[in-house]
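*Asks:* Next comes the structure file query22.txt, holding compact mmCIF, C-alpha atoms and all ligand atoms.
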# COMPACT_ATOMS: atom_id res chain seq x y z
CA MET M 192 104.05 155.91 196.79
CA ALA M 193 107.15 157.93 197.10
CA PHE M 194 110.34 158.90 195.35
CA SER M 195 113.62 158.06 197.04
CA LEU M 196 117.21 158.96 196.36
CA THR M 197 119.90 156.43 195.51
CA GLN M 198 123.47 157.58 195.95
CA TYR M 199 126.02 155.46 194.13
CA GLY M 200 129.50 156.86 194.57
CA ASP M 201 129.39 160.33 193.05
CA MET M 202 126.29 159.49 190.99
CA SER M 203 122.75 159.81 192.23
CA TRP M 204 119.29 159.13 190.91
CA THR M 205 115.74 158.96 192.19
CA VAL M 206 113.39 156.00 191.93
CA SER M 207 109.66 155.62 192.48
CA SER M 208 108.10 152.95 194.68
CA VAL M 209 105.18 152.53 192.28
CA LEU M 210 106.73 151.05 189.11
CA GLY M 211 107.89 147.62 190.32
CA THR M 212 110.59 147.22 187.66
CA LYS M 213 114.09 148.56 187.14
CA HIS M 214 114.14 152.29 186.46
CA LEU M 215 115.81 155.54 187.48
CA PHE M 216 115.69 159.29 186.99
CA THR M 217 119.25 160.63 186.89
CA ARG M 218 120.31 163.96 188.39
CA ARG M 219 123.08 166.29 187.25
CA LEU M 220 125.56 165.19 189.88
CA GLY M 221 128.19 162.61 189.07
CA GLY M 222 128.37 163.47 185.40
CA VAL M 223 131.84 163.23 183.94
CA GLY M 224 131.49 166.03 181.43
CA ASP M 225 129.51 168.37 183.61
CA TYR M 226 128.72 170.75 180.76
CA PRO M 227 127.19 170.58 178.24
CA TYR M 228 126.64 166.97 177.23
CA SER M 229 127.10 165.07 180.45
CA THR M 230 124.44 162.46 179.78
CA ASP M 231 123.52 163.22 176.20
CA PRO M 232 124.07 160.19 173.96
CA ASP M 233 124.68 162.28 170.87
CA PRO M 234 127.55 164.69 171.45
CA ALA M 235 128.01 167.07 168.59
CA MET M 236 131.57 167.82 169.64
CA ASP M 237 134.39 165.30 169.52
CA PRO M 238 136.15 166.42 172.73
CA VAL M 239 133.22 165.29 174.84
CA ARG M 240 132.85 161.85 173.27
CA GLU M 241 135.13 160.12 175.75
CA ARG M 242 133.46 161.78 178.71
CA VAL M 243 130.04 160.81 177.40
CA ARG M 244 131.21 157.24 176.92
CA GLU M 245 132.57 157.20 180.46
CA ILE M 246 129.31 158.29 182.04
CA TRP M 247 127.25 155.78 180.09
CA LEU M 248 129.62 152.98 181.05
CA ARG M 249 129.22 153.99 184.68
CA LEU M 250 125.46 154.27 184.43
CA ARG M 251 125.26 150.90 182.74
CA GLU M 252 127.36 149.22 185.39
CA ARG M 253 125.93 150.94 188.45
CA GLY M 254 122.34 150.72 187.24
CA GLY M 255 122.66 147.07 186.21
CA PHE M 256 121.71 147.66 182.57
CA PRO M 257 122.64 145.30 179.70
CA GLU M 258 125.93 145.46 177.88
CA GLU M 259 124.20 146.18 174.56
CA GLY M 260 123.11 149.58 175.84
CA PHE M 261 119.93 151.64 175.79
CA CYS M 262 117.15 152.69 173.41
CA PHE M 263 117.11 156.37 172.50
CA THR M 264 115.01 158.69 170.43
CA ARG M 265 115.37 162.18 168.99
CA GLN M 266 112.76 164.18 170.86
CA VAL M 267 110.67 166.72 168.98
CA HIS M 268 107.94 167.79 171.45
CA GLY M 269 105.35 165.56 169.81
CA THR M 270 103.33 162.58 171.05
CA VAL M 271 104.53 159.73 168.83
CA ILE M 272 105.63 156.62 170.74
CA ARG M 273 107.82 154.05 168.98
CA ALA M 274 107.94 150.34 169.80
CA VAL M 275 111.52 149.12 170.22
CA GLY M 276 113.28 145.86 170.99
CA ALA M 277 116.67 144.34 171.68
CA GLY M 278 117.96 145.26 168.23
CA ASP M 279 117.44 148.97 168.91
CA ARG M 280 119.87 149.13 171.84
CA LEU M 281 122.86 151.46 171.44
CA MET M 282 125.82 152.25 173.63
CA PRO M 283 126.79 155.97 173.61
CA PRO M 284 128.42 157.96 172.30
CA ILE M 285 126.37 157.60 169.16
CA ARG M 286 126.66 159.78 166.08
CA VAL M 287 123.21 159.57 164.60
CA ARG M 288 120.20 159.67 166.81
CA PRO M 289 117.33 157.28 166.12
CA GLU M 290 114.14 158.51 164.54
CA ASP M 291 112.06 161.38 165.86
CA CYS M 292 109.51 160.61 168.54
CA ASP M 293 108.94 161.45 172.19
CA GLY M 294 108.24 158.06 173.68
CA LEU M 295 109.48 154.48 173.58
CA ILE M 296 107.62 151.28 174.48
CA THR M 297 108.56 147.63 174.70
CA ALA M 298 107.33 144.27 175.96
CA GLU M 299 110.82 142.77 175.75
CA LYS M 300 113.00 142.14 178.77
CA ASP M 301 116.42 143.82 179.14
CA VAL M 302 115.58 146.67 176.76
CA PRO M 303 116.16 149.94 178.66
CA LEU M 304 114.08 152.83 177.36
CA CYS M 305 115.60 156.29 177.79
CA VAL M 306 114.14 159.79 177.49
CA PHE M 307 115.81 163.10 178.27
CA THR M 308 114.56 166.19 180.08
CA ALA M 309 115.77 169.37 181.75
CA ASP M 310 112.53 171.02 183.07
CA CYS M 311 110.13 169.08 180.80
CA VAL M 312 108.24 166.21 182.45
CA PRO M 313 109.60 162.66 182.15
CA VAL M 314 107.01 159.95 182.74
CA LEU M 315 107.86 156.26 183.13
CA PHE M 316 105.14 153.60 182.88
CA SER M 317 104.88 149.94 183.69
CA GLU M 318 102.02 147.51 183.08
CA PRO M 319 103.03 144.51 185.20
CA GLU M 320 100.16 142.22 184.18
CA ALA M 321 100.86 142.52 180.46
CA GLY M 322 104.61 142.98 180.87
CA ILE M 323 105.05 146.36 179.19
CA VAL M 324 107.17 149.41 179.95
CA CYS M 325 107.04 152.85 178.34
CA ALA M 326 109.04 156.10 178.75
CA VAL M 327 107.89 159.50 177.49
CA HIS M 328 109.07 163.09 177.36
CA SER M 329 106.16 165.43 178.06
CA GLY M 330 106.95 169.14 178.02
CA TRP M 331 104.10 171.58 177.85
CA ARG M 332 103.56 170.97 174.14
CA GLY M 333 103.52 167.20 174.56
CA THR M 334 101.32 167.50 177.63
CA ALA M 335 98.86 169.73 175.77
CA ALA M 336 98.86 167.40 172.74
CA ASP M 337 97.89 164.55 175.11
CA MET M 338 101.09 162.58 175.50
CA MET M 339 99.43 160.75 178.41
CA GLY M 340 96.62 159.64 176.09
CA SER M 341 99.20 158.54 173.55
CA ALA M 342 101.02 156.46 176.19
CA VAL M 343 97.90 154.79 177.60
CA SER M 344 96.76 154.03 174.05
CA ALA M 345 100.16 152.58 173.07
CA ILE M 346 100.16 150.36 176.18
CA GLY M 347 96.60 149.29 175.32
CA LYS M 348 97.57 148.33 171.77
CA MET M 349 100.21 146.00 173.20
CA GLY M 350 97.65 144.30 175.44
CA GLY M 351 97.79 146.43 178.59
CA HIS M 352 94.91 147.93 180.57
CA PRO M 353 94.63 151.37 182.21
CA GLU M 354 93.66 149.91 185.58
CA ASN M 355 96.96 148.01 185.69
CA ILE M 356 99.19 150.89 184.58
CA ARG M 357 101.72 152.31 187.01
CA ALA M 358 103.05 155.79 186.22
CA ALA M 359 105.91 157.75 187.79
CA ILE M 360 106.01 161.45 186.94
CA GLY M 361 109.63 162.51 187.44
CA PRO M 362 111.44 165.68 188.50
CA ALA M 363 110.41 168.66 186.35
CA ILE M 364 109.84 172.37 186.53
CA SER M 365 106.99 172.89 188.97
CA ARG M 366 104.28 175.47 189.42
CA CYS M 367 106.54 177.55 191.68
CA CYS M 368 108.76 178.32 188.66
CA PHE M 369 106.83 177.60 185.45
CA GLU M 370 105.73 181.06 184.42
CA THR M 371 103.91 180.99 181.08
CA GLY M 372 101.85 183.10 178.75
CA PRO M 373 98.15 182.46 178.16
CA GLU M 374 98.81 179.87 175.44
CA VAL M 375 99.94 177.26 177.98
CA LYS M 376 97.03 177.94 180.33
CA GLU M 377 94.60 177.69 177.41
CA ALA M 378 96.16 174.42 176.21
CA VAL M 379 95.90 172.87 179.69
CA GLU M 380 92.28 173.95 179.97
CA ALA M 381 91.51 172.54 176.51
CA LEU M 382 93.08 169.21 177.49
CA LEU M 383 91.47 168.73 180.89
CA GLY M 384 88.21 170.68 180.68
CA ALA M 385 86.71 171.19 184.14
CA ASP M 386 89.55 169.15 185.66
CA ALA M 387 91.96 172.03 184.91
CA GLU M 388 90.50 173.83 187.92
CA GLY M 389 93.25 175.53 189.92
CA LEU M 390 96.17 174.36 187.75
CA CYS M 391 97.07 177.67 186.09
CA PRO M 392 96.59 180.57 188.51
CA PRO M 393 97.53 184.06 187.35
CA GLU M 394 100.96 185.16 188.52
CA ASP M 395 100.78 187.71 191.31
CA GLY M 396 101.35 191.20 189.99
CA VAL M 397 102.32 190.12 186.46
CA PRO M 398 99.48 190.72 184.01
CA GLY M 399 99.11 188.07 181.29
CA LYS M 400 101.34 185.51 183.03
CA TYR M 401 100.28 182.27 184.68
CA MET M 402 101.98 179.69 186.92
CA VAL M 403 101.26 176.27 185.43
CA ASP M 404 101.52 172.89 187.17
CA LEU M 405 102.58 170.50 184.39
CA LYS M 406 103.19 167.49 186.65
CA GLU M 407 99.69 167.76 188.09
CA THR M 408 98.25 168.33 184.59
CA ASN M 409 99.75 164.98 183.50
CA ARG M 410 98.55 163.28 186.70
CA ARG M 411 94.99 164.51 186.24
CA ARG M 412 95.01 163.45 182.60
CA LEU M 413 96.08 159.93 183.63
CA LEU M 414 93.17 159.80 186.09
CA GLN M 415 90.81 160.82 183.27
CA LEU M 416 92.23 157.97 181.19
CA GLY M 417 91.43 155.37 183.86
CA VAL M 418 94.77 155.05 185.62
CA LYS M 419 94.20 154.51 189.34
CA GLU M 420 95.20 157.28 191.72
CA GLU M 421 97.18 154.83 193.89
CA HIS M 422 99.21 153.79 190.82
CA ILE M 423 100.51 157.30 190.06
CA ASP M 424 103.60 158.70 191.77
CA VAL M 425 104.73 162.30 191.36
CA SER M 426 108.21 163.56 192.19
CA PRO M 427 107.99 166.60 194.47
CA ASP M 428 111.22 168.00 193.03
CA CYS M 429 111.28 171.19 190.97
CA THR M 430 114.24 171.17 188.60
CA MET M 431 114.50 174.96 188.62
CA CYS M 432 114.32 175.39 192.41
CA LEU M 433 116.87 172.56 192.74
CA SER M 434 119.07 173.57 189.83
CA ASP M 435 122.17 172.64 191.85
CA VAL M 436 121.21 168.95 191.60
CA TYR M 437 119.05 168.92 188.44
CA TRP M 438 119.62 170.35 185.00
CA SER M 439 117.13 173.16 184.37
CA HIS M 440 116.77 174.71 180.93
CA ARG M 441 115.29 177.87 182.37
CA ALA M 442 117.73 178.23 185.26
CA THR M 443 120.73 177.88 182.94
CA GLY M 444 119.36 179.84 180.00
CA GLY M 445 119.79 176.71 177.91
CA GLN M 446 123.50 176.22 178.72
CA ARG M 447 122.96 172.81 180.19
CA GLY M 448 123.24 169.07 180.15
CA THR M 449 120.24 166.80 180.39
CA MET M 450 118.86 164.15 182.74
CA ALA M 451 118.05 160.63 181.62
CA SER M 452 114.95 158.77 182.74
CA ILE M 453 115.27 155.05 182.09
CA ILE M 454 113.00 152.02 182.57
CA MET M 455 113.45 148.34 181.72
CA LEU M 456 111.55 145.08 182.19
ZN ZN D 1 110.43 175.74 191.44
Spell out the structure here as structure tokens.

*Replies:*
Amino acid sequence: MAFSLTQYGDMSWTVSSVLGTKHLFTRRLGGVGDYPYSTDPDPAMDPVRERVREIWLRLRERGGFPEEGFCFTRQVHGTVIRAVGAGDRLMPPIRVRPEDCDGLITAEKDVPLCVFTADCVPVLFSEPEAGIVCAVHSGWRGTAADMMGSAVSAIGKMGGHPENIRAAIGPAISRCCFETGPEVKEAVEALLGADAEGLCPPEDGVPGKYMVDLKETNRRRLLQLGVKEEHIDVSPDCTMCLSDVYWSHRATGGQRGTMASIIML
């Protein structure tokens, strides 16, 4: 299990060795419109539409994705996962985002599922026996509301089994940088029970603040749900420490683009 970097011209992305199907986690480099909507499929401003179109054309070609485009969702920090198919594919720039949810799932081939993050945790899943892929956005609210449980359950409803699930937890803000108040620590402890041990240490010298490991929280939750340890890969990259190559909401004060995490059967 390991993440590796693919450099394609001026674009780069990381991939995990665990998923066994086409996928990628983009970085901020190689965007055409570097700020603010470099990979966002729903530009609010007309001047960026051509740049957005350009980057999606490049990503489609270089990543080997279908001409019809990608499946998107309007993320709302919840845990709803929507089943999509070939008819849901869109090629950016798009004016109206699809319905609100934070995960997409499909058992159809050539249907790329796309979620966006910039510090939050992207998780891509494959279930190779049943032929299912799933992509979710899991920030601290989604993590605490059990997005991992929602994903494993959605895969199960389509005929998959936890012991076959592969999960790649992508680049996200890491414990080194994710300073939170007690509400995040309490939510992680409520989710994991005794398994939250050591995940939310108090910040040195800052009363009432904690350093929370969201990637590890999601990994431990997947273990609780029956996903095998050897089937879970975790990116070591912290988006805030590496804000020169990743978009970080915290590092930029919200003046940012966003990374796409994409998986397809
Ligand atoms: Zn960091």

*Asks:* Enumerate residues in contact with ligand ZN 1 (chain D): an atom-to-atom distance of at most 8 Å, counting all atoms listed in the file. Format the result as a list in words.

*Replies:*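 Residues lying within 8 Å of ligand ZN 1 (chain D): Ile364, Ser365, Arg366, Cys367, Cys368, Phe369, Asp428, Cys429, Thr430, Met431, Cys432 and Leu433 of chain M.
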
*Asks:* So which one's closest to M:Asp291, M:Val267, M:Leu304, M:Ile423, M:Val312? Using only C-alpha atoms, please.

*Replies:*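 Closest candidate: M:Val267.
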
*Asks:* If you measure from atom CA of M:Leu383 to atom CA of M:Ala321, what distance in Å do you get, rounded to one decimal?

*Replies:*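 Atom-to-atom, atom CA of M:Leu383 to atom CA of M:Ala321, that is 27.8 Å.
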
*Asks:* List the spatial neighbours of M:Gly276 as a VMD selection string - criterion: any atom at most 8 Å away, all atoms listed in the file, same-chain residues fewer than 5 positions off excluded.

*Replies:* chain M and resid 297 to 299 302

*Asks:* Quick one: residues within 10 Å of M:Val379, only C-alpha atoms, excluding same-chain residues fewer than 5 positions away - as a PyMOL selection string?

*Replies:* chain M and resi 331-332+334-337+373-374+384+386-388+390-391+403-405+408-409+412
